[in-house]
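File shown: data.tsv (TSV, C-alpha atoms and all ligand atoms).
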```tsv
chain	number	residue	atom	x	y	z
A	15	MET	CA	-3.55	-16.66	0.29
A	16	ASP	CA	-1.88	-20.09	0.63
A	17	LEU	CA	1.68	-18.94	0.01
A	18	PRO	CA	2.66	-18.38	3.66
A	19	ARG	CA	5.73	-16.19	3.12
A	20	PHE	CA	3.67	-13.80	1.01
A	21	SER	CA	0.97	-13.55	3.67
A	22	LEU	CA	0.36	-10.26	5.50
A	23	GLN	CA	-1.82	-11.91	8.15
A	24	GLY	CA	-1.65	-10.11	11.50
A	25	LYS	CA	0.19	-7.11	10.07
A	26	VAL	CA	-0.86	-3.45	10.10
A	27	ALA	CA	-0.14	-1.37	7.00
A	28	LEU	CA	-0.26	2.42	6.59
A	29	VAL	CA	-0.72	3.47	2.95
A	30	THR	CA	-0.34	7.15	2.06
A	31	GLY	CA	-2.31	8.40	-0.93
A	32	GLY	CA	-4.61	5.45	-0.32
A	33	SER	CA	-7.81	7.05	-1.62
A	34	ARG	CA	-7.46	6.14	-5.30
A	35	GLY	CA	-5.14	4.83	-8.01
A	36	ILE	CA	-2.10	2.81	-7.00
A	37	GLY	CA	-2.57	3.50	-3.26
A	38	GLU	CA	-6.16	2.22	-3.31
A	39	ALA	CA	-5.06	-0.97	-5.11
A	40	ILE	CA	-2.27	-1.51	-2.57
A	41	ALA	CA	-4.70	-1.04	0.35
A	42	VAL	CA	-7.23	-3.50	-1.08
A	43	GLU	CA	-4.68	-6.14	-2.19
A	44	PHE	CA	-2.89	-5.92	1.19
A	45	ALA	CA	-6.25	-6.51	2.90
A	46	LYS	CA	-6.81	-9.58	0.69
A	47	ALA	CA	-3.38	-10.79	1.84
A	48	GLY	CA	-4.51	-10.45	5.48
A	49	ALA	CA	-3.40	-7.00	6.68
A	50	ASP	CA	-5.38	-4.40	8.61
A	51	ILE	CA	-5.14	-1.07	6.82
A	52	ALA	CA	-4.83	2.65	7.57
A	53	VAL	CA	-5.21	4.89	4.52
A	54	THR	CA	-4.35	8.59	4.31
A	55	SER	CA	-4.91	11.40	1.83
A	56	ARG	CA	-6.37	14.89	2.00
A	57	LYS	CA	-10.03	13.93	1.39
A	58	LEU	CA	-11.90	11.94	4.02
A	59	PRO	CA	-14.93	10.86	1.91
A	60	GLU	CA	-12.69	9.16	-0.71
A	61	LEU	CA	-10.69	7.50	2.08
A	62	GLU	CA	-13.88	6.25	3.78
A	63	ARG	CA	-14.90	4.59	0.50
A	64	VAL	CA	-11.60	2.65	0.38
A	65	ALA	CA	-11.85	1.84	4.10
A	66	GLY	CA	-15.30	0.40	3.36
A	67	GLU	CA	-13.81	-1.86	0.65
A	68	VAL	CA	-11.22	-3.11	3.13
A	69	ARG	CA	-13.86	-3.83	5.77
A	70	LYS	CA	-15.89	-5.82	3.21
A	71	LEU	CA	-12.84	-8.09	2.95
A	72	GLY	CA	-13.06	-8.76	6.70
A	73	ARG	CA	-10.09	-6.61	7.72
A	74	LYS	CA	-9.97	-3.58	10.03
A	75	ALA	CA	-9.64	-0.19	8.32
A	76	LEU	CA	-8.94	3.37	9.41
A	77	ALA	CA	-9.24	6.52	7.26
A	78	VAL	CA	-6.97	9.39	8.37
A	79	GLU	CA	-7.17	12.75	6.62
A	80	THR	CA	-3.54	13.91	6.25
A	81	HIS	CA	-1.55	16.33	4.08
A	82	VAL	CA	1.72	14.43	3.76
A	83	GLY	CA	3.59	17.63	2.85
A	84	ARG	CA	3.00	19.01	6.38
A	85	LEU	CA	5.08	17.71	9.26
A	86	ASP	CA	2.52	18.45	12.00
A	87	GLN	CA	-0.09	16.46	10.07
A	88	ILE	CA	2.31	13.54	9.63
A	89	GLU	CA	2.86	13.38	13.41
A	90	LYS	CA	-0.90	13.50	14.04
A	91	CYS	CA	-1.53	10.79	11.45
A	92	ILE	CA	1.01	8.41	13.01
A	93	ALA	CA	-0.42	9.04	16.49
A	94	THR	CA	-3.96	8.33	15.23
A	95	VAL	CA	-2.90	5.04	13.61
A	96	MET	CA	-1.03	4.00	16.77
A	97	ALA	CA	-4.05	4.81	18.97
A	98	GLU	CA	-6.20	2.53	16.79
A	99	PHE	CA	-3.83	-0.35	16.00
A	100	GLY	CA	-0.94	-0.09	18.49
A	101	LYS	CA	1.70	-0.85	15.82
A	102	ILE	CA	2.68	-0.24	12.19
A	103	ASP	CA	4.40	-3.17	10.45
A	104	ILE	CA	4.30	-1.81	6.91
A	105	LEU	CA	4.48	1.74	5.58
A	106	VAL	CA	3.81	2.45	1.91
A	107	ASN	CA	4.88	5.95	0.94
A	108	ASN	CA	2.69	6.23	-2.12
A	109	ALA	CA	1.25	9.78	-2.05
A	110	GLY	CA	2.80	11.75	-4.87
A	111	THR	CA	2.18	14.64	-7.20
A	112	SER	CA	3.53	16.04	-10.45
A	113	GLN	CA	3.32	19.41	-12.18
A	114	ALA	CA	4.04	19.45	-15.90
A	115	ILE	CA	5.84	22.77	-16.47
A	116	PRO	CA	8.85	23.42	-18.76
A	117	ALA	CA	12.05	23.87	-16.72
A	118	LEU	CA	12.52	27.48	-17.85
A	119	ASP	CA	9.07	28.36	-16.47
A	120	TYR	CA	9.19	26.36	-13.22
A	121	THR	CA	8.20	28.43	-10.18
A	122	GLU	CA	9.38	28.13	-6.58
A	123	ARG	CA	5.81	27.40	-5.50
A	124	ALA	CA	5.42	24.47	-7.93
A	125	TRP	CA	8.89	23.14	-7.06
A	126	ASP	CA	8.13	23.24	-3.32
A	127	ALA	CA	4.72	21.59	-3.74
A	128	VAL	CA	6.28	18.61	-5.54
A	129	MET	CA	9.32	18.31	-3.26
A	130	ASN	CA	7.37	18.79	-0.01
A	131	LEU	CA	5.10	15.86	-0.78
A	132	ASN	CA	7.24	13.49	-2.87
A	133	LEU	CA	10.48	13.81	-0.91
A	134	LYS	CA	10.24	15.72	2.37
A	135	GLY	CA	6.91	14.18	3.36
A	136	LEU	CA	8.11	10.73	2.36
A	137	PHE	CA	11.23	11.08	4.52
A	138	PHE	CA	9.53	12.44	7.64
A	139	MET	CA	6.67	9.93	7.42
A	140	SER	CA	9.33	7.20	7.20
A	141	GLN	CA	11.30	8.65	10.11
A	142	GLY	CA	8.20	8.83	12.34
A	143	VAL	CA	7.13	5.28	11.50
A	144	ALA	CA	10.69	3.90	11.71
A	145	ARG	CA	10.93	5.15	15.32
A	146	ILE	CA	7.90	2.98	16.11
A	147	MET	CA	9.17	0.02	14.07
A	148	LYS	CA	12.48	0.23	15.96
A	149	GLU	CA	10.62	-0.09	19.28
A	150	LYS	CA	8.42	-2.93	17.99
A	151	GLY	CA	11.28	-5.00	16.48
A	152	GLY	CA	11.17	-4.09	12.79
A	153	GLY	CA	9.04	-3.58	9.71
A	154	SER	CA	8.96	-2.94	5.99
A	155	ILE	CA	8.89	0.48	4.31
A	156	ILE	CA	8.00	0.71	0.62
A	157	ASN	CA	8.59	3.91	-1.34
A	158	ILE	CA	6.76	4.47	-4.60
A	159	ALA	CA	9.33	6.08	-6.92
A	160	SER	CA	8.97	6.20	-10.73
A	161	VAL	CA	10.86	5.38	-13.91
A	162	SER	CA	11.03	9.19	-14.18
A	163	GLY	CA	13.55	9.07	-11.31
A	164	ILE	CA	15.82	6.91	-13.47
A	165	LYS	CA	15.30	8.36	-16.95
A	166	SER	CA	14.56	12.09	-17.21
A	167	GLU	CA	11.28	13.14	-18.78
A	168	VAL	CA	9.92	16.40	-20.17
A	169	PRO	CA	8.41	18.66	-18.75
A	170	VAL	CA	8.44	17.31	-15.21
A	171	ILE	CA	11.84	18.31	-13.82
A	172	ALA	CA	10.76	18.59	-10.16
A	173	TYR	CA	8.94	15.24	-10.32
A	174	SER	CA	11.96	13.47	-11.89
A	175	VAL	CA	14.38	15.00	-9.38
A	176	SER	CA	12.09	14.11	-6.47
A	177	LYS	CA	11.75	10.51	-7.62
A	178	ALA	CA	15.53	10.17	-8.12
A	179	GLY	CA	15.73	11.43	-4.52
A	180	VAL	CA	13.24	8.77	-3.43
A	181	ILE	CA	15.50	6.05	-4.88
A	182	MET	CA	18.50	7.39	-2.94
A	183	ALA	CA	16.44	7.96	0.23
A	184	THR	CA	15.44	4.29	-0.03
A	185	LYS	CA	19.10	3.22	-0.03
A	186	SER	CA	20.09	5.65	2.75
A	187	MET	CA	17.22	4.64	5.06
A	188	ALA	CA	17.87	0.94	4.36
A	189	ILE	CA	21.54	1.20	5.32
A	190	GLU	CA	20.83	3.14	8.55
A	191	TRP	CA	17.78	1.21	9.74
A	192	GLY	CA	18.78	-2.35	8.85
A	193	GLN	CA	20.19	-2.69	12.38
A	194	TYR	CA	16.61	-2.27	13.67
A	195	HIS	CA	15.26	-4.98	11.32
A	196	ILE	CA	13.60	-2.36	9.18
A	197	ARG	CA	13.78	-3.11	5.46
A	198	VAL	CA	13.32	-0.22	3.03
A	199	ASN	CA	12.61	-0.87	-0.64
A	200	GLY	CA	11.07	1.00	-3.55
A	201	ILE	CA	8.99	0.41	-6.63
A	202	ALA	CA	9.53	2.43	-9.81
A	203	PRO	CA	6.34	2.11	-11.86
A	204	GLY	CA	6.09	2.90	-15.55
A	205	PRO	CA	2.80	4.19	-16.99
A	206	VAL	CA	-0.12	3.07	-14.82
A	207	VAL	CA	-3.69	4.13	-15.55
A	208	THR	CA	-4.69	6.49	-12.74
A	209	ARG	CA	-5.92	10.07	-12.36
A	210	LEU	CA	-2.31	11.28	-12.08
A	211	TYR	CA	-1.30	9.53	-15.30
A	212	ASP	CA	-4.37	10.75	-17.17
A	213	SER	CA	-3.66	14.34	-16.09
A	214	HIS	CA	-0.90	14.32	-18.73
A	215	PHE	CA	-3.51	13.95	-21.50
A	216	ILE	CA	-4.66	17.56	-21.54
A	217	ASN	CA	-7.88	18.59	-23.34
A	218	MET	CA	-8.77	15.05	-24.41
A	219	THR	CA	-12.10	13.22	-24.23
A	220	GLU	CA	-12.37	9.90	-22.35
A	221	GLU	CA	-12.41	8.10	-25.68
A	222	GLN	CA	-9.24	9.88	-26.84
A	223	ILE	CA	-7.53	9.06	-23.53
A	224	GLU	CA	-8.50	5.39	-23.94
A	225	LYS	CA	-6.94	5.41	-27.42
A	226	ALA	CA	-3.81	7.09	-26.02
A	227	HIS	CA	-3.49	4.28	-23.40
A	228	GLU	CA	-3.69	1.71	-26.21
A	229	ALA	CA	-1.07	3.56	-28.26
A	230	VAL	CA	1.33	3.79	-25.30
A	231	GLY	CA	0.69	0.13	-24.45
A	232	LYS	CA	1.45	-1.04	-27.98
A	233	ARG	CA	4.91	0.53	-27.78
A	234	LEU	CA	5.80	-1.32	-24.56
A	235	PRO	CA	7.37	-4.80	-24.49
A	236	ALA	CA	4.54	-5.89	-22.13
A	237	ARG	CA	2.04	-4.67	-24.78
A	238	HIS	CA	-0.21	-2.85	-22.31
A	239	VAL	CA	-0.14	0.11	-19.95
A	240	GLY	CA	-0.05	-0.81	-16.28
A	241	GLN	CA	-3.03	-1.24	-14.01
A	242	PRO	CA	-2.79	-0.28	-10.31
A	243	TYR	CA	-3.12	-3.91	-9.12
A	244	GLU	CA	0.08	-4.78	-11.02
A	245	ILE	CA	2.00	-2.40	-8.74
A	246	ALA	CA	0.15	-3.74	-5.69
A	247	ASP	CA	1.34	-7.28	-6.53
A	248	ALA	CA	4.96	-6.10	-6.32
A	249	ALA	CA	4.19	-4.24	-3.09
A	250	ILE	CA	2.88	-7.45	-1.46
A	251	TYR	CA	6.22	-9.11	-2.17
A	252	LEU	CA	8.16	-6.20	-0.62
A	253	ALA	CA	5.83	-5.96	2.39
A	254	SER	CA	5.92	-9.66	3.18
A	255	ASP	CA	8.55	-12.04	4.54
A	256	ALA	CA	8.98	-13.32	0.96
A	257	SER	CA	11.42	-10.41	0.41
A	258	SER	CA	13.27	-10.86	3.74
A	259	PHE	CA	16.71	-10.70	2.04
A	260	MET	CA	15.93	-7.57	0.01
A	261	THR	CA	16.59	-4.05	1.27
A	262	GLY	CA	17.64	-0.75	-0.31
A	263	HIS	CA	16.43	-1.92	-3.70
A	264	THR	CA	14.00	-0.20	-6.06
A	265	MET	CA	12.10	-2.65	-8.26
A	266	VAL	CA	11.28	-1.41	-11.74
A	267	VAL	CA	7.71	-2.46	-12.64
A	268	ASP	CA	7.20	-0.73	-15.95
A	269	GLY	CA	6.14	-3.18	-18.65
A	270	GLY	CA	9.59	-2.73	-20.16
A	271	THR	CA	9.40	1.09	-20.50
A	272	LEU	CA	13.07	1.58	-19.65
A	273	LEU	CA	14.20	-1.02	-22.19
B	1	LIG	N1	0.30	6.48	-12.47
B	1	LIG	C1	1.52	6.41	-12.96
B	1	LIG	O1	1.72	6.25	-14.17
B	1	LIG	C2	2.71	6.45	-12.03
B	1	LIG	C3	3.97	6.16	-12.58
B	1	LIG	C4	5.08	6.21	-11.75
B	1	LIG	C5	4.95	6.53	-10.42
B	1	LIG	N2	3.71	6.83	-9.92
B	1	LIG	C6	3.63	7.18	-8.50
B	1	LIG	O2	2.64	6.40	-7.86
B	1	LIG	C7	2.13	7.11	-6.73
B	1	LIG	C8	0.60	7.10	-6.80
B	1	LIG	O3	0.20	7.79	-7.95
B	1	LIG	P1	-1.18	7.54	-8.71
B	1	LIG	O4	-0.86	7.47	-10.13
B	1	LIG	O5	-1.96	6.47	-8.05
B	1	LIG	O6	-1.84	8.98	-8.46
B	1	LIG	P2	-3.33	9.46	-8.08
B	1	LIG	O7	-4.34	8.56	-8.66
B	1	LIG	O8	-3.37	10.90	-8.40
B	1	LIG	O9	-3.33	9.26	-6.49
B	1	LIG	C9	-2.51	10.06	-5.68
B	1	LIG	C10	-2.89	9.84	-4.22
B	1	LIG	O10	-2.08	10.69	-3.41
B	1	LIG	C11	-2.95	11.52	-2.62
B	1	LIG	N3	-2.30	12.81	-2.39
B	1	LIG	C12	-2.00	13.76	-3.30
B	1	LIG	N4	-1.45	14.81	-2.69
B	1	LIG	C13	-1.41	14.51	-1.36
B	1	LIG	C14	-0.94	15.19	-0.20
B	1	LIG	N5	-0.39	16.42	-0.27
B	1	LIG	N6	-1.05	14.58	1.00
B	1	LIG	C15	-1.60	13.35	1.09
B	1	LIG	N7	-2.04	12.65	0.05
B	1	LIG	C16	-1.94	13.24	-1.16
B	1	LIG	C17	-4.23	11.62	-3.44
B	1	LIG	O11	-5.36	11.98	-2.65
B	1	LIG	P3	-5.81	13.53	-2.42
B	1	LIG	O12	-5.52	14.28	-3.69
B	1	LIG	O13	-7.26	13.44	-2.10
B	1	LIG	O14	-4.99	14.01	-1.26
B	1	LIG	C18	-4.34	10.19	-3.92
B	1	LIG	O15	-4.83	9.36	-2.90
B	1	LIG	C19	2.74	8.51	-6.80
B	1	LIG	O16	3.84	8.58	-5.93
B	1	LIG	C20	3.20	8.62	-8.24
B	1	LIG	O17	4.27	9.50	-8.40
B	1	LIG	C21	2.59	6.81	-10.69
```
Would you encode the structure as structure tokens?
Amino acid sequence: MDLPRFSLQGKVALVTGGSRGIGEAIAVEFAKAGADIAVTSRKLPELERVAGEVRKLGRKALAVETHVGRLDQIEKCIATVMAEFGKIDILVNNAGTSQAIPALDYTERAWDAVMNLNLKGLFFMSQGVARIMKEKGGGSIINIASVSGIKSEVPVIAYSVSKAGVIMATKSMAIEWGQYHIRVNGIAPGPVVTRLYDSHFINMTEEQIEKAHEAVGKRLPARHVGQPYEIADAAIYLASDASSFMTGHTMVVDGGTLL
């Protein structure tokens, strides 16, 4: 990349939920921008595939199996990345989950599963990495929120509440950790074609899902549903020195959904 302030050359990035969808695109696009990459999720074979893509681009890659909803696994993950790379310059808190259940039927188990990953895991992963960034002189943390954290949607109450929490956590971490040269920003995507997004199209064939993407896209000002690389492009800006005066902000990248 010949835009020096957007370069990630010499940086190490940890991307949670990096085995597919938006996280995979962020890992690969970050590698193209020059970063070495650690990816985490719960399934090692899928992570190894992404790590292989990163290595093909000439960058170092590490696959770390981690359940981000479990604090002991977060600690182990950070220690493994540090043993391999010796620093973490960029953290992308991307792992997320949703359970579509009407609010009257929501169970404690479903609520906890969403909150433990989307909010608690995101915070404690950030805290663990921020302690390292503080020692090393700074870094950039990027939290993947959602337009659902700004405008409520049905029937995903726990998801919407968790993502609203992510937007506030972004501001709170930014204000506390700015003194350590740690910037914390978020991205709130609109509809982006991934497994998570397609899980909302229940009992549909691939062809019907394709048609549904087109129908959703036609209603958006951008005239298409998002692709994972379009979120990765925004993440490169937030990870790089190009956004050095931005912290505590959540960028809406939604094709105009909220309009
Ligand atoms: N796609 C959209 O339209 C959209 C819109 C707004 C916001 N977002 C947000 O974007 C982020 C990525 O979503 P996506 O659409 O790319 O979803 P996805 O394709 O389902 O990918 C989710 C990733 O998170 C990992 N993951 C899930 N549970 C995990 C856990 N407990 N611990 C560690 N990793 C876990 C998954 O791997 P394993 O299952 O193998 O662990 C996978 O790598 C999420 O935070 C989501 O809320 C997506």
Neighbours of ligand LIG 1 (chain B) at 7 Å or closer, counting all atoms listed in the file: which residues, as a VMD selection string? chain A and resid 30 to 37 54 to 57 80 to 83 108 to 112 131 to 132 158 to 161 202 to 211
How far is it from CA of Val95 (chain A) to CA of Met147 (chain A), in Å with one decimal?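 We find that CA of Val95 (chain A) and CA of Met147 (chain A) lie 13.1 Å from each other.
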Pick from A:Val53, A:Val143, A:Ala114, A:Leu105: nearest to Ala93 (chain A), with all atoms listed in the file counted? A:Val143
Test item: residues at most 8 Å from Ala178 (chain A), all atoms listed in the file, excluding those fewer than 5 positions along its chain, as a ChimeraX atom specification: /A:159,162-164
Residues from the last selection, C-alpha atoms, saved as a compact mmCIF listing (two decimals), in the frame of the given file:
```
# COMPACT_ATOMS: atom_id res chain seq x y z
CA ALA A 159 9.33 6.08 -6.92
CA SER A 162 11.03 9.19 -14.18
CA GLY A 163 13.55 9.07 -11.31
CA ILE A 164 15.82 6.91 -13.47
```
CA of Met139 (chain A) and CA of Ala97 (chain A) are how many Å apart?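 Result for CA of Met139 (chain A) versus CA of Ala97 (chain A): 16.6 Å, one decimal.
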Near region 188-191 of chain A, within 8 Å and counting all atoms listed in the file, which residues show up once chain neighbours fewer than 4 positions away are dropped, as a PDB file with C-alpha atoms, keeping the file's coordinate frame?
```pdb
ATOM      1  CA  ALA A 144      10.690   3.900  11.710  1.00  0.00           C
ATOM      2  CA  THR A 184      15.440   4.290  -0.030  1.00  0.00           C
ATOM      3  CA  HIS A 195      15.260  -4.980  11.320  1.00  0.00           C
ATOM      4  CA  ILE A 196      13.600  -2.360   9.180  1.00  0.00           C
ATOM      5  CA  ARG A 197      13.780  -3.110   5.460  1.00  0.00           C
ATOM      6  CA  VAL A 198      13.320  -0.220   3.030  1.00  0.00           C
ATOM      7  CA  ASN A 199      12.610  -0.870  -0.640  1.00  0.00           C
ATOM      8  CA  THR A 261      16.590  -4.050   1.270  1.00  0.00           C
ATOM      9  CA  GLY A 262      17.640  -0.750  -0.310  1.00  0.00           C
TER      10      GLY A 262
END
```
Distance in Å - CA of Asp247 (chain A) versus CA of Arg63 (chain A):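 For CA of Asp247 (chain A) relative to CA of Arg63 (chain A), the distance reads 21.3 Å.
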Could you tell me which of A:Pro59, A:Ser176, A:Ala52, A:Ile181 comes closest to Ala77 (chain A) if we count all atoms listed in the file?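 Counting all atoms listed in the file, the residue closest to Ala77 (chain A) is A:Ala52.
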Which polymer residues have any atom within 10 Å of an atom of Ala75 (chain A), counting all atoms listed in the file, with same-chain residues fewer than 5 positions away left out, as a list in words? Val26, Ala27, Leu28, Ala41, Ala45, Ala49, Asp50, Ile51, Ala52, Val53, Leu61, Glu62, Val64, Ala65, Gly66, Glu67, Val68, Arg69, Lys70, Glu98 and Phe99 of chain A
Residue with smallest distance to His214 (chain A) - pool A:Leu118, A:Leu133, A:Ala183, A:Ala226, counting all atoms listed in the file: A:Ala226
From the set A:Val42, A:Leu58, A:Met260, A:Lys90, which residue has the shortest atom-to-atom contact distance to Lys74 (chain A), counting only C-alpha atoms?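 Ranked by minimum distance to Lys74 (chain A), first place goes to A:Val42.
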Proximity to Glu149 (chain A) - best of A:Val180, A:Asn130, A:Tyr120, A:Tyr194, only C-alpha atoms: A:Tyr194
Close residues, Gly142 (chain A) itself excluded, 10 Å, only C-alpha atoms, min 4 positions apart in chain, as a PyMOL selection string: chain A and resi 85+88-89+91-93+137-138+146-147
Within 8 Å of Pro169 (chain A) using all atoms listed in the file, minus same-chain residues under 4 positions, as a ChimeraX atom specification: /A:114-117
Hey, can you spit out that residue selection with C-alpha atoms as a compact mmCIF listing (two decimals), in the frame of the given file?
```
# COMPACT_ATOMS: atom_id res chain seq x y z
CA ALA A 114 4.04 19.45 -15.90
CA ILE A 115 5.84 22.77 -16.47
CA PRO A 116 8.85 23.42 -18.76
CA ALA A 117 12.05 23.87 -16.72
```
With distances taken over all atoms listed in the file, the candidate from A:Lys177, A:Lys232, A:His238, A:Arg19 nearest Thr264 (chain A) is A:Lys177
Could you add the missing atoms to region 210-219 of chain A, up to all heavy atoms, and return them as a compact mmCIF listing (two decimals), in the coordinates of the input?
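Output file part31.txt is given in full below:
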```txt
# COMPACT_ATOMS: atom_id res chain seq x y z
N LEU A 210 -3.57 10.56 -11.89
CA LEU A 210 -2.31 11.28 -12.08
C LEU A 210 -1.79 11.08 -13.50
O LEU A 210 -1.39 12.02 -14.18
CB LEU A 210 -1.27 10.79 -11.06
CG LEU A 210 0.10 11.45 -11.11
CD1 LEU A 210 0.04 12.88 -10.59
CD2 LEU A 210 1.11 10.67 -10.29
N TYR A 211 -1.81 9.84 -13.95
CA TYR A 211 -1.30 9.53 -15.30
C TYR A 211 -2.16 10.22 -16.35
O TYR A 211 -1.64 10.85 -17.28
CB TYR A 211 -1.31 8.01 -15.50
CG TYR A 211 -0.80 7.59 -16.87
CD1 TYR A 211 0.50 7.89 -17.27
CD2 TYR A 211 -1.64 6.91 -17.75
CE1 TYR A 211 0.96 7.51 -18.52
CE2 TYR A 211 -1.18 6.54 -19.01
CZ TYR A 211 0.11 6.84 -19.39
OH TYR A 211 0.57 6.48 -20.63
N ASP A 212 -3.47 10.16 -16.17
CA ASP A 212 -4.37 10.75 -17.17
C ASP A 212 -4.29 12.27 -17.19
O ASP A 212 -4.69 12.89 -18.18
CB ASP A 212 -5.80 10.28 -16.93
CG ASP A 212 -6.01 8.84 -17.42
OD1 ASP A 212 -5.11 8.33 -18.12
OD2 ASP A 212 -7.05 8.24 -17.10
N SER A 213 -3.78 12.88 -16.11
CA SER A 213 -3.66 14.34 -16.09
C SER A 213 -2.66 14.84 -17.14
O SER A 213 -2.63 16.02 -17.48
CB SER A 213 -3.26 14.83 -14.69
OG SER A 213 -1.92 14.47 -14.42
N HIS A 214 -1.84 13.91 -17.68
CA HIS A 214 -0.90 14.32 -18.73
C HIS A 214 -1.58 14.46 -20.09
O HIS A 214 -1.04 15.06 -21.00
CB HIS A 214 0.25 13.30 -18.83
CG HIS A 214 1.07 13.24 -17.58
ND1 HIS A 214 1.11 12.14 -16.76
CD2 HIS A 214 1.84 14.18 -16.97
CE1 HIS A 214 1.88 12.39 -15.72
NE2 HIS A 214 2.33 13.63 -15.81
N PHE A 215 -2.78 13.86 -20.23
CA PHE A 215 -3.51 13.95 -21.50
C PHE A 215 -4.46 15.14 -21.42
O PHE A 215 -5.64 15.02 -21.07
CB PHE A 215 -4.28 12.65 -21.77
CG PHE A 215 -3.40 11.44 -21.82
CD1 PHE A 215 -3.44 10.49 -20.80
CD2 PHE A 215 -2.52 11.24 -22.87
CE1 PHE A 215 -2.62 9.38 -20.83
CE2 PHE A 215 -1.70 10.12 -22.91
CZ PHE A 215 -1.75 9.18 -21.88
N ILE A 216 -3.90 16.32 -21.73
CA ILE A 216 -4.66 17.56 -21.54
C ILE A 216 -5.65 17.76 -22.69
O ILE A 216 -5.33 17.47 -23.85
CB ILE A 216 -3.67 18.75 -21.44
CG1 ILE A 216 -2.72 18.52 -20.26
CG2 ILE A 216 -4.39 20.08 -21.25
CD1 ILE A 216 -1.42 19.27 -20.36
N ASN A 217 -6.85 18.28 -22.34
CA ASN A 217 -7.88 18.59 -23.34
C ASN A 217 -8.29 17.41 -24.21
O ASN A 217 -8.53 17.55 -25.40
CB ASN A 217 -7.43 19.75 -24.26
CG ASN A 217 -7.25 21.03 -23.48
OD1 ASN A 217 -7.94 21.25 -22.48
ND2 ASN A 217 -6.32 21.86 -23.92
N MET A 218 -8.36 16.22 -23.65
CA MET A 218 -8.77 15.05 -24.41
C MET A 218 -10.07 14.48 -23.84
O MET A 218 -10.29 14.55 -22.63
CB MET A 218 -7.71 13.95 -24.34
CG MET A 218 -6.52 14.17 -25.22
SD MET A 218 -5.64 12.59 -25.33
CE MET A 218 -4.11 13.09 -26.05
N THR A 219 -10.89 13.90 -24.70
CA THR A 219 -12.10 13.22 -24.23
C THR A 219 -11.70 11.86 -23.64
O THR A 219 -10.58 11.38 -23.88
CB THR A 219 -13.08 12.97 -25.39
OG1 THR A 219 -12.43 12.07 -26.31
CG2 THR A 219 -13.45 14.26 -26.10
```
